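Here the structure is laid out as structure tokens; the discussion comes afterwards.
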Amino acid sequence: MLSPDDVKKIAHLARLNMDEADIPAHQASLSQILTLVEQMDQVPTNGILPMAHPLDATQRLRQDTVTETNQRDDFQSLAPQAAAGFYLVPRTVE
Amino acid sequence: MHTKTLTALSQGLHQGDFTSEALTAHYLERIKALDAELNSFITVTADEALEAARAADKLLAVGKGGPLTGVPIAHKDIFCTKGVKTSCGSKMLDNFIAPYDATLVTQLQAAGTVMLGKTNMDEFAMGSSNENSFYGPVKNPWDLKAVPGGSSGGSAAAVAAGLCPMATGTDTGGSIRQPAAFCGLTGLKPTYGRISRYGMVAFASSLDQAGPFTRTAEDAALVMNAMAGFDERDSTSSDVPVPDYTKTLHDDINGLRIGVPKEFLSDAEGLTPEVKAAVQAAIAVYEKLGAVIQEVSLPHTGSTVPAYYVIAPAECSSNLARFDGVRYGYRCENPKNLEDLYKRSRSEGFGDEVKRRILVGTYALSAGYYDAYYLKAQKLRRIVRDDFQAAFAEVDVIAGPTTPSVAFNIGEKTDDPLAMYLSDIYTVAVNLAGLPALSIPAGFVEGRPVGLQLIGNDFAEGKLLNVAHQYQQATDWHKRLPE
């Protein structure tokens with residue numbers, strides 16, 4: 001069973017807010033899911049190679065050449081706040 | 001016109017029985033009349049559709065059209081469409097106009113299809129009922145009290161209701177096959193890497209795969225010819241030649257070896273007796289068609305849901321880290337500082353199920369837990385794949401139920417995420433192993449469709465469509481339409 005502090009820590013790592021009032025509900029549902037997940041332990045996996053890609057494919061390489069065009073203006077038009085080619089966020093250095 | 005299959009519509013367009021403009025206008029009328037109730041579309045692109053239809057008619061008039069020219073379709077709102085909102089069913093992307101097209105969208109556009117709009121879905125493809133959408137739940141055209149399944153619920157409901165003859169979907173743990181089963185459709189999840197993931201909003205990158213919803217296997221073969229293929233923009237795309245899937249539909253299945261996993265018909269996993277009976281009846285049809293039925297075993301079936309609910313949330317927590325309120329998507333009002341900007345944008349922009357999976361995935365990947373969760377799940381993944389390969393040494397395809405029960409009621413499972421997860425028991429193994437599988441209509445329980453699942457070995461889409469088509473030549477479940 002996860003503790004209230006565990007839940008707060010996970011939420012912070014995931015950059016999600018966690019109201020004190022919601023902690024018990026999250027504690028219960030996350031613990032329930034982890035109990036389901038821990039059924040994996042019933043299967044011994046010593047010496048088994050982990051599988052990251054179903055067909056065991058490896059990363060394909062390509063020539064190191066420029067293939068994309070500059071679309072900065074198009075992309076920045078989607079930003080909540082942008083100016084002079086920069087993405088704007090709240091001031092972090094006073 | 002909306003009662004015709006895509007194959008019949010394609011013939012009608014080529015013979016000049018009707019124009020693409022008339023066909024497109026007909027579907028748009030139906031969407032207008034019926035979709036306020038069903039809620040299967042998030043965005044309808046009527047003007048662009050009619051314009052594309054007129055362009056298709058010009059090609060058809062001079063005999064230059066291909067098999068899909070002028071055929072109206074819909075895309076799941078997970079595929080980026082240039083200039084058109086791509087929400088992924090989330091408040092986070094409610095304001096997102098994609099700056100480029102997904103490869104799949106480009107391919108189907110190049111094949112001449114006409115996009116009617118973008119369909120509703122569980123937020124970021126996380127869900128099995130389409131109740132997790134920011135745009136509200138979708139109703140099942142067979143029974144408005146029932147869910148259409150998820151996460152591609154809007155695509156399934158739209159095809160079932162005759163609002164389009166084909167729609168795209170994505171399947172990470174069953175999100176094409178389960179809604180196809182619940183809505184009485186043919187839904188194909190191809191081999192991992194068969195269809196490009198470029199421009200498809202990522203949920204769990206090692207499991208995600210796109211595929212079509214159609215009424216028949218014949219229709220699916222026709223659209224798969226346009227959808228499948230190598231894409232250099234997707235580093236996990238498979239560079240395996242694409243056959244003409246329509247060529248093998250009529251192959252004789254006399255002597256075909258069909259394996260039925262004993263674990264898929266055991267009562268332990270919540271399989272209802274009615275679904276079991278329908279699946280057994282479907283298998284009996286294959287026996288009559290000359291197939292040899294054989295019991296096989298997938299001994300780790302019980303561990304597939306636990307392994308899936310580690311890998312999928314872990315990859316989702318990484319993929320969804322990009323939604324930070326800075327570059328695109330939702331940003332909270334008046335952030336106090338950068339951390340507040342991240343936390344409130346994400347907390348306000350994501351729904352409950354997405355947040356739940358991000359938290360599970362974050363925990364599973366956090367320091368000290370990686371080996372016990374993600375690495376353990378990856379090892380199980382290999383065991384699950386080895387089980388399938390052992391079975392495919394004895395049989396050509398595997399058959400069983402797509403889901404333990406028919407569609408449940410809207411609201412029935414919303415308070416119990418675990419019950420919802422456990423209903424993925426027959427579908428997630430296929431994604432873990434990277435295999436192709438499809439669901440086809442195989443009966444009804446109290447007016448709600450039952451799906452038969454067929455699983456093939458790597459790149460055996462042609463074989464699966466052949467086996468499904470032969471069943472559809474001998475049965476008429478797929479011809480029934482909701483009222």
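Here, A, B, ... name the chains of the structure tokens in the order displayed, residue numbers run from 1 inside each chain, and ligands are numbered from 1 in the same displayed order.
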
| field | All helix (DSSP H, G or I) positions in segment 21-54 of chain A, as a PyMOL selection string | value | chain A and resi 21-42

| task | Hey, list the chain A side of the contact with chain B: 8 Å cut-off, only C-alpha atoms, answer as JSON, numbers by chain. | result | {"A": [10, 11, 13, 14, 15, 16, 17, 26, 30, 32, 33, 34, 36, 37, 38, 39, 40, 43, 45, 48, 49, 50, 51, 52, 53, 54, 55, 57, 59, 60, 74, 75, 76, 78, 79, 80, 81, 87, 88, 89, 90, 91, 92]}

| Residues within 8 Å of segment 462-478 of chain B, only C-alpha atoms, excluding chain neighbours under 4 positions, as a list in words | Gly184, Leu185, Thr186, Arg215, Thr216, Ala217, Glu218, Ala220, Ala221, Pro243, Tyr245, Thr246, Thr248, Leu249, His250, Asp251, Ile253, Val285, Tyr286, Val397, Ala437, Leu438, Ile440, Pro441, Ala442, Gly443, Leu454, Ile455 and Gly456 of chain B

Based on the selection just made, write C-alpha atoms of those residues as a PDB file, in the first residue's frame.
ATOM      1  CA  GLY B 184     -20.557  -5.374 -35.049  1.00  0.00           C
ATOM      2  CA  LEU B 185     -17.713  -4.401 -37.398  1.00  0.00           C
ATOM      3  CA  THR B 186     -14.574  -5.790 -38.966  1.00  0.00           C
ATOM      4  CA  ARG B 215     -18.149  -3.580 -42.460  1.00  0.00           C
ATOM      5  CA  THR B 216     -16.356  -6.446 -44.195  1.00  0.00           C
ATOM      6  CA  ALA B 217     -12.948  -8.084 -44.494  1.00  0.00           C
ATOM      7  CA  GLU B 218     -13.085  -7.362 -48.224  1.00  0.00           C
ATOM      8  CA  ALA B 220     -10.518  -3.853 -44.964  1.00  0.00           C
ATOM      9  CA  ALA B 221      -8.291  -5.512 -47.597  1.00  0.00           C
ATOM     10  CA  PRO B 243       1.098  -7.682 -50.758  1.00  0.00           C
ATOM     11  CA  TYR B 245      -4.527  -7.943 -49.705  1.00  0.00           C
ATOM     12  CA  THR B 246      -7.516  -8.324 -52.051  1.00  0.00           C
ATOM     13  CA  THR B 248      -5.786 -13.687 -51.341  1.00  0.00           C
ATOM     14  CA  LEU B 249      -9.322 -13.094 -49.984  1.00  0.00           C
ATOM     15  CA  HIS B 250     -10.745 -15.991 -51.995  1.00  0.00           C
ATOM     16  CA  ASP B 251      -8.062 -18.562 -51.123  1.00  0.00           C
ATOM     17  CA  ILE B 253      -9.336 -22.532 -46.362  1.00  0.00           C
ATOM     18  CA  VAL B 285     -18.697 -22.752 -39.116  1.00  0.00           C
ATOM     19  CA  TYR B 286     -14.973 -22.938 -39.856  1.00  0.00           C
ATOM     20  CA  VAL B 397      -4.317 -18.842 -37.107  1.00  0.00           C
ATOM     21  CA  ALA B 437      -5.335  -9.674 -35.204  1.00  0.00           C
ATOM     22  CA  LEU B 438      -8.849  -8.766 -36.242  1.00  0.00           C
ATOM     23  CA  ILE B 440     -15.368  -9.853 -36.990  1.00  0.00           C
ATOM     24  CA  PRO B 441     -19.087  -9.993 -36.144  1.00  0.00           C
ATOM     25  CA  ALA B 442     -20.149 -13.467 -34.983  1.00  0.00           C
ATOM     26  CA  GLY B 443     -23.604 -13.131 -33.441  1.00  0.00           C
ATOM     27  CA  LEU B 454      -8.573 -14.099 -35.233  1.00  0.00           C
ATOM     28  CA  ILE B 455      -4.839 -13.773 -34.499  1.00  0.00           C
ATOM     29  CA  GLY B 456      -2.096 -14.385 -37.054  1.00  0.00           C
TER      30      GLY B 456
END

If you count only C-alpha atoms, which residues fall within 10 Å of Asp101 of chain B, apart from same-chain ones fewer than 5 positions away, as a PDB file with C-alpha atoms, in the first residue's frame?
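File produced: result.pdb:
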ATOM      1  CA  PHE B  79      -4.098  11.430 -36.406  1.00  0.00           C
ATOM      2  CA  CYS B  80      -2.634  14.826 -37.203  1.00  0.00           C
ATOM      3  CA  THR B  81      -4.516  16.583 -40.004  1.00  0.00           C
ATOM      4  CA  LYS B  82      -2.956  19.786 -41.302  1.00  0.00           C
ATOM      5  CA  GLY B  83      -5.151  22.807 -40.628  1.00  0.00           C
ATOM      6  CA  VAL B  84      -7.787  20.745 -38.793  1.00  0.00           C
ATOM      7  CA  THR B 106      -1.363  11.515 -46.524  1.00  0.00           C
ATOM      8  CA  GLN B 107      -1.568   7.933 -47.840  1.00  0.00           C
ATOM      9  CA  GLN B 109      -5.596  11.273 -49.246  1.00  0.00           C
ATOM     10  CA  TYR B 198       4.270   9.272 -37.924  1.00  0.00           C
ATOM     11  CA  GLY B 199       1.769  11.946 -36.960  1.00  0.00           C
ATOM     12  CA  MET B 200      -0.216   9.641 -34.710  1.00  0.00           C
TER      13      MET B 200
END

| query | Taking the backbone alone, and naming residues the way the document does, which bits of segment 265-389 of chain B are strand (DSSP E) by DSSP, as a list in words? | reply | Val292, Ile293, Gln294, Glu295 and Val296 of chain B

| Please, what distance in Å, to one decimal, runs between atom CA of Thr86 of chain B and atom CA of Leu50 of chain B? | 20.2 Å

| Can you list, as number ranges by chain, every protein, DNA or RNA residue that comes within 12 Å of segment 271-274 of chain B when you count only C-alpha atoms, leaving out same-chain residues fewer than 4 positions away? | B: 263-267, 278-281, 400-407, 422-426, 442-446, 448-451

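Straight-line separation from atom CA of Pro482 of chain B to atom CA of Gly187 of chain B: 17.3 Å.
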
| request: Identify, on the basis of only C-alpha atoms, every residue whose closest approach to Ser40 of chain B does not exceed 6 Å; exclude the query and any residue fewer than 3 positions from it along the same chain; express the result as a ChimeraX atom specification. | output: /B:119-120,138,154,158

File of the preceding selection, C-alpha atoms, as an mmCIF file, in the first residue's frame:
data_model
loop_
_atom_site.group_PDB
_atom_site.id
_atom_site.type_symbol
_atom_site.label_atom_id
_atom_site.label_comp_id
_atom_site.auth_asym_id
_atom_site.auth_seq_id
_atom_site.Cartn_x
_atom_site.Cartn_y
_atom_site.Cartn_z
ATOM 1 C CA THR B 119 -13.940 10.967 -34.667
ATOM 2 C CA ASN B 120 -14.390 10.922 -30.915
ATOM 3 C CA VAL B 138 -20.215 8.110 -27.614
ATOM 4 C CA GLY B 154 -16.230 7.255 -32.314
ATOM 5 C CA ALA B 158 -19.683 6.143 -37.045
#

| field | Proximity to Ser133 of chain B - best of B:Met92, B:Ala391, B:Leu59, B:Ile283, only C-alpha atoms | value | B:Met92

| task | Enter the distance from atom CA of Gly150 of chain B to atom CA of Glu131 of chain B, in Å, rounded to one decimal. | result | 8.2 Å

| remark: Between B:Ala226, B:Ala56, B:Cys316, B:Ala161, smallest distance to Gly112 of chain B by only C-alpha atoms belongs to B:Ala56
